[in-house]
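Source file: query10.cif; contents: mmCIF, C-alpha atoms.
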data_entry
#
loop_
_atom_site.label_atom_id
_atom_site.label_comp_id
_atom_site.auth_asym_id
_atom_site.auth_seq_id
_atom_site.Cartn_x
_atom_site.Cartn_y
_atom_site.Cartn_z
CA SER K 1 113.12 64.86 86.63
CA ILE K 2 109.61 63.42 86.50
CA ARG K 3 108.24 66.16 88.78
CA SER K 4 109.35 68.91 86.43
CA VAL K 5 107.75 67.07 83.49
CA ARG K 6 104.48 66.74 85.43
CA ALA K 7 104.61 70.43 86.33
CA LEU K 8 104.98 71.31 82.65
CA LEU K 9 102.13 69.00 81.58
CA ARG K 10 99.71 69.86 84.41
CA PRO K 11 97.95 72.74 82.56
CA ALA K 12 97.53 70.57 79.44
CA LEU K 13 96.17 67.61 81.44
CA GLY K 14 93.76 69.87 83.29
CA ALA K 15 92.42 71.14 79.97
CA LEU K 16 91.70 67.56 78.90
CA ARG K 17 89.74 66.78 82.07
CA THR K 18 87.31 69.71 81.96
CA PRO K 19 85.47 71.19 79.01
CA PRO K 20 86.48 74.68 77.89
CA TRP K 21 83.28 76.26 79.34
CA GLY K 22 83.85 75.06 82.87
CA GLY K 23 81.31 72.46 84.14
CA SER K 24 81.80 68.72 84.36
CA SER K 25 79.74 67.55 81.36
CA GLY K 26 76.97 68.52 79.00
CA ALA K 27 76.89 70.92 76.10
CA ALA K 28 77.24 74.67 76.46
CA PRO K 29 75.36 76.95 74.10
CA GLY K 30 77.32 77.67 70.96
CA LEU K 31 80.09 75.19 71.79
CA PRO K 32 80.58 71.64 70.49
CA THR K 33 79.43 68.79 72.73
CA TRP K 34 82.10 67.35 75.02
CA THR K 35 83.08 63.80 74.14
CA VAL K 36 85.31 61.37 75.95
CA PRO K 37 87.86 59.55 73.76
CA GLY K 38 86.70 55.97 73.23
CA ALA K 39 83.10 56.70 74.22
CA ALA K 40 80.58 54.78 72.14
CA THR K 41 77.52 56.95 72.71
CA GLN K 42 76.07 59.41 75.15
CA LEU K 43 72.78 58.05 76.45
CA GLY K 44 71.82 60.54 79.13
CA GLY K 45 72.15 57.85 81.80
CA VAL K 46 72.48 58.71 85.47
CA ARG K 47 73.30 62.40 85.90
CA GLY K 48 74.52 62.64 82.30
CA ARG K 49 77.31 60.08 82.63
CA LYS K 50 78.87 58.76 79.46
CA THR K 51 78.39 55.12 78.61
CA TRP K 52 80.82 52.82 76.85
CA GLU K 53 80.39 49.56 75.02
CA LEU K 54 81.46 46.48 76.94
CA PRO K 55 84.59 44.68 75.77
CA PRO K 56 83.85 41.62 73.62
CA ARG K 57 83.16 38.43 75.56
CA PRO K 58 85.77 35.73 74.82
CA LYS K 59 84.60 32.51 73.17
CA ASP K 60 83.85 29.60 75.49
CA ASP K 61 86.74 27.47 74.23
CA GLU K 62 89.34 30.26 74.59
CA LEU K 63 91.44 30.48 77.74
CA PRO K 64 92.77 34.06 77.85
CA ILE K 65 95.84 34.95 79.88
CA GLY K 66 94.87 35.83 83.44
CA SER K 67 91.56 33.95 83.46
CA LEU K 68 90.55 32.47 86.81
CA GLU K 69 88.08 29.85 88.03
CA GLY K 70 86.15 30.25 91.24
CA VAL K 71 82.86 29.90 93.06
CA VAL K 72 80.22 32.64 93.04
CA CYS K 73 79.68 33.80 96.62
CA SER K 74 77.46 36.86 96.09
CA THR K 75 74.97 38.00 93.43
CA LYS K 76 73.31 40.84 95.33
CA MET K 77 74.42 43.61 92.95
CA ASP K 78 73.00 44.47 89.54
CA LYS K 79 75.06 42.87 86.76
CA SER K 80 77.90 42.16 89.21
CA ILE K 81 78.98 39.09 91.12
CA VAL K 82 81.67 38.28 93.66
CA VAL K 83 83.79 35.22 92.85
CA LYS K 84 85.97 33.48 95.44
CA VAL K 85 89.12 32.05 93.86
CA ARG K 86 91.09 29.47 95.85
CA ARG K 87 94.81 29.13 95.21
CA TRP K 88 97.27 26.69 96.77
CA ARG K 89 100.80 27.43 97.86
CA GLU K 90 103.39 25.16 99.43
CA HIS K 91 105.17 26.26 102.59
CA PRO K 92 108.89 26.60 101.75
CA ARG K 93 110.19 24.76 104.79
CA TYR K 94 107.43 22.39 105.92
CA LYS K 95 106.13 21.54 102.43
CA LYS K 96 102.52 21.69 103.60
CA ARG K 97 100.02 22.95 101.03
CA LEU K 98 98.14 26.01 102.25
CA ALA K 99 94.95 27.39 100.71
CA TYR K 100 94.60 31.10 99.98
CA ASP K 101 91.24 32.60 99.06
CA ARG K 102 90.73 35.88 97.28
CA LYS K 103 87.51 37.53 96.13
CA PHE K 104 87.14 39.27 92.78
CA MET K 105 84.22 41.28 91.46
CA ALA K 106 83.12 40.33 87.96
CA HIS K 107 80.62 41.67 85.44
CA ASP K 108 77.65 39.39 84.71
CA GLU K 109 75.83 41.13 81.86
CA TYR K 110 72.82 38.79 81.65
CA GLU K 111 72.61 38.04 85.41
CA GLU K 112 72.71 34.29 84.77
CA CYS K 113 75.03 33.30 87.66
CA ARG K 114 73.75 32.07 91.02
CA ASP K 115 75.42 31.55 94.38
CA GLY K 116 77.53 28.38 94.35
CA ASP K 117 78.12 28.27 90.57
CA LEU K 118 81.64 27.42 89.39
CA VAL K 119 82.57 30.09 86.82
CA ARG K 120 85.52 31.17 84.69
CA ILE K 121 86.22 34.91 84.76
CA THR K 122 88.50 36.70 82.32
CA PRO K 123 90.25 40.05 82.72
CA CYS K 124 88.97 43.08 80.83
CA ARG K 125 89.32 46.83 81.04
CA LYS K 126 88.38 48.43 84.35
CA LEU K 127 84.60 48.65 84.63
CA SER K 128 84.47 50.29 88.06
CA LYS K 129 86.71 50.88 91.06
CA ARG K 130 86.98 47.17 91.99
CA LYS K 131 85.58 45.40 88.93
CA HIS K 132 87.98 44.39 86.15
CA PHE K 133 86.82 40.86 85.28
CA MET K 134 83.85 39.55 83.32
CA VAL K 135 82.15 36.16 83.36
CA GLN K 136 83.25 34.04 80.42
CA LYS K 137 81.48 30.77 81.13
CA ILE K 138 79.54 28.93 83.83
CA LEU K 139 81.48 25.68 84.25
CA ARG K 140 79.13 23.97 86.73
CA GLN K 141 75.79 25.19 88.03
CA ALA K 142 74.96 24.97 91.71
CA PRO K 143 72.25 22.46 92.64
CA GLN K 144 68.74 23.91 93.05
CA LEU K 145 67.39 23.65 96.57
CA ASN K 146 63.61 23.40 96.71
CA PHE K 147 62.05 23.67 100.14
#

Output the structure of this file as structure tokens.
Amino acid sequence: SIRSVRALLRPALGALRTPPWGGSSGAAPGLPTWTVPGAATQLGGVRGRKTWELPPRPKDDELPIGSLEGVVCSTKMDKSIVVKVRRWREHPRYKKRLAYDRKFMAHDEYEECRDGDLVRITPCRKLSKRKHFMVQKILRQAPQLNF
């Protein structure tokens, strides 16, 4: 069964998660530095976290599978935005079209999006707990309000 397979692999998986000298990261004296598979470089960063290269940004004329269009509703985070995507569904019996909104977090590397912009976001590898999209293109910019 799957449980017995997991029980057999648990010691091997635990060895992959922690370096042989114990701690969570960093080099021990006399031992090789600990690297994460797929890591581009180790830049010290916050508390010695590893950093990875971002996935390549799709070209503007490409329309990758799973790409969505929505309106930016929050830009308060660093290099992250929240995009509200509206989808329509028809009620099976009454045939009325109902709107469903869902919010997705997306990576905005150059912080060029503003609230109200219409953007296209494309799926990429998981960048954080809730962020697995990146901004591909700003389709329409929100009007500037000067007071």

Excluding same-chain residues fewer than 5 positions from Val83 of chain K, what lies within 7 Å of it counting only C-alpha atoms, as JSON, numbers by chain?
{"K": [70, 71, 72, 73, 103, 104, 105]}

Selection to disk with C-alpha atoms, as a short mmCIF file (atom, residue, chain, number, x, y, z; two decimals), keeping the file's coordinate frame:
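out13.cif, written as the output of this step:
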data_model
loop_
_atom_site.label_atom_id
_atom_site.label_comp_id
_atom_site.auth_asym_id
_atom_site.auth_seq_id
_atom_site.Cartn_x
_atom_site.Cartn_y
_atom_site.Cartn_z
CA GLY K 70 86.15 30.25 91.24
CA VAL K 71 82.86 29.90 93.06
CA VAL K 72 80.22 32.64 93.04
CA CYS K 73 79.68 33.80 96.62
CA LYS K 103 87.51 37.53 96.13
CA PHE K 104 87.14 39.27 92.78
CA MET K 105 84.22 41.28 91.46
#

Set out as JSON lines a contact list for segment 117-140 of chain K and segment 57-69 of chain K with a cut-off of 10 Å, giving each residue of segment 117-140 of chain K that qualifies its closest atom pair and distance in Å to one decimal, counting all atoms listed in the file, ordered by chain and rising residue number.
{"residue": "K:Leu118", "atom": "CA", "partner": "K:Glu69", "partner_atom": "CA", "distance": 7.0}
{"residue": "K:Val119", "atom": "CA", "partner": "K:Glu69", "partner_atom": "CA", "distance": 5.6}
{"residue": "K:Arg120", "atom": "CA", "partner": "K:Glu69", "partner_atom": "CA", "distance": 4.4}
{"residue": "K:Ile121", "atom": "CA", "partner": "K:Leu68", "partner_atom": "CA", "distance": 5.4}
{"residue": "K:Thr122", "atom": "CA", "partner": "K:Ser67", "partner_atom": "CA", "distance": 4.3}
{"residue": "K:Pro123", "atom": "CA", "partner": "K:Ser67", "partner_atom": "CA", "distance": 6.3}
{"residue": "K:Cys124", "atom": "CA", "partner": "K:Arg57", "partner_atom": "CA", "distance": 9.1}
{"residue": "K:Phe133", "atom": "CA", "partner": "K:Ser67", "partner_atom": "CA", "distance": 8.6}
{"residue": "K:Met134", "atom": "CA", "partner": "K:Arg57", "partner_atom": "CA", "distance": 7.9}
{"residue": "K:Val135", "atom": "CA", "partner": "K:Arg57", "partner_atom": "CA", "distance": 8.2}
{"residue": "K:Gln136", "atom": "CA", "partner": "K:Pro58", "partner_atom": "CA", "distance": 6.4}
{"residue": "K:Lys137", "atom": "CA", "partner": "K:Asp60", "partner_atom": "CA", "distance": 6.2}
{"residue": "K:Ile138", "atom": "CA", "partner": "K:Asp60", "partner_atom": "CA", "distance": 9.4}
{"residue": "K:Leu139", "atom": "CA", "partner": "K:Glu69", "partner_atom": "CA", "distance": 8.7}

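The space separating atom CA of Arg125 of chain K from atom CA of Ser74 of chain K comes to 21.6 Å.
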
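Distances here use all atoms listed in the file; by that measure, the residue among K:Thr75, K:Asn146, K:Ser80, K:Gln141 closest to Asp108 of chain K is K:Ser80.
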
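Across the structure, atom CA of His107 of chain K and atom CA of Lys79 of chain K are spaced 5.8 Å apart.
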
Can you turn the PyMOL selection byres ((chain K and resi 142) around 6) into a concrete residue list for this file, as JSON, numbers by chain?
{"K": [116, 117, 141, 143]}
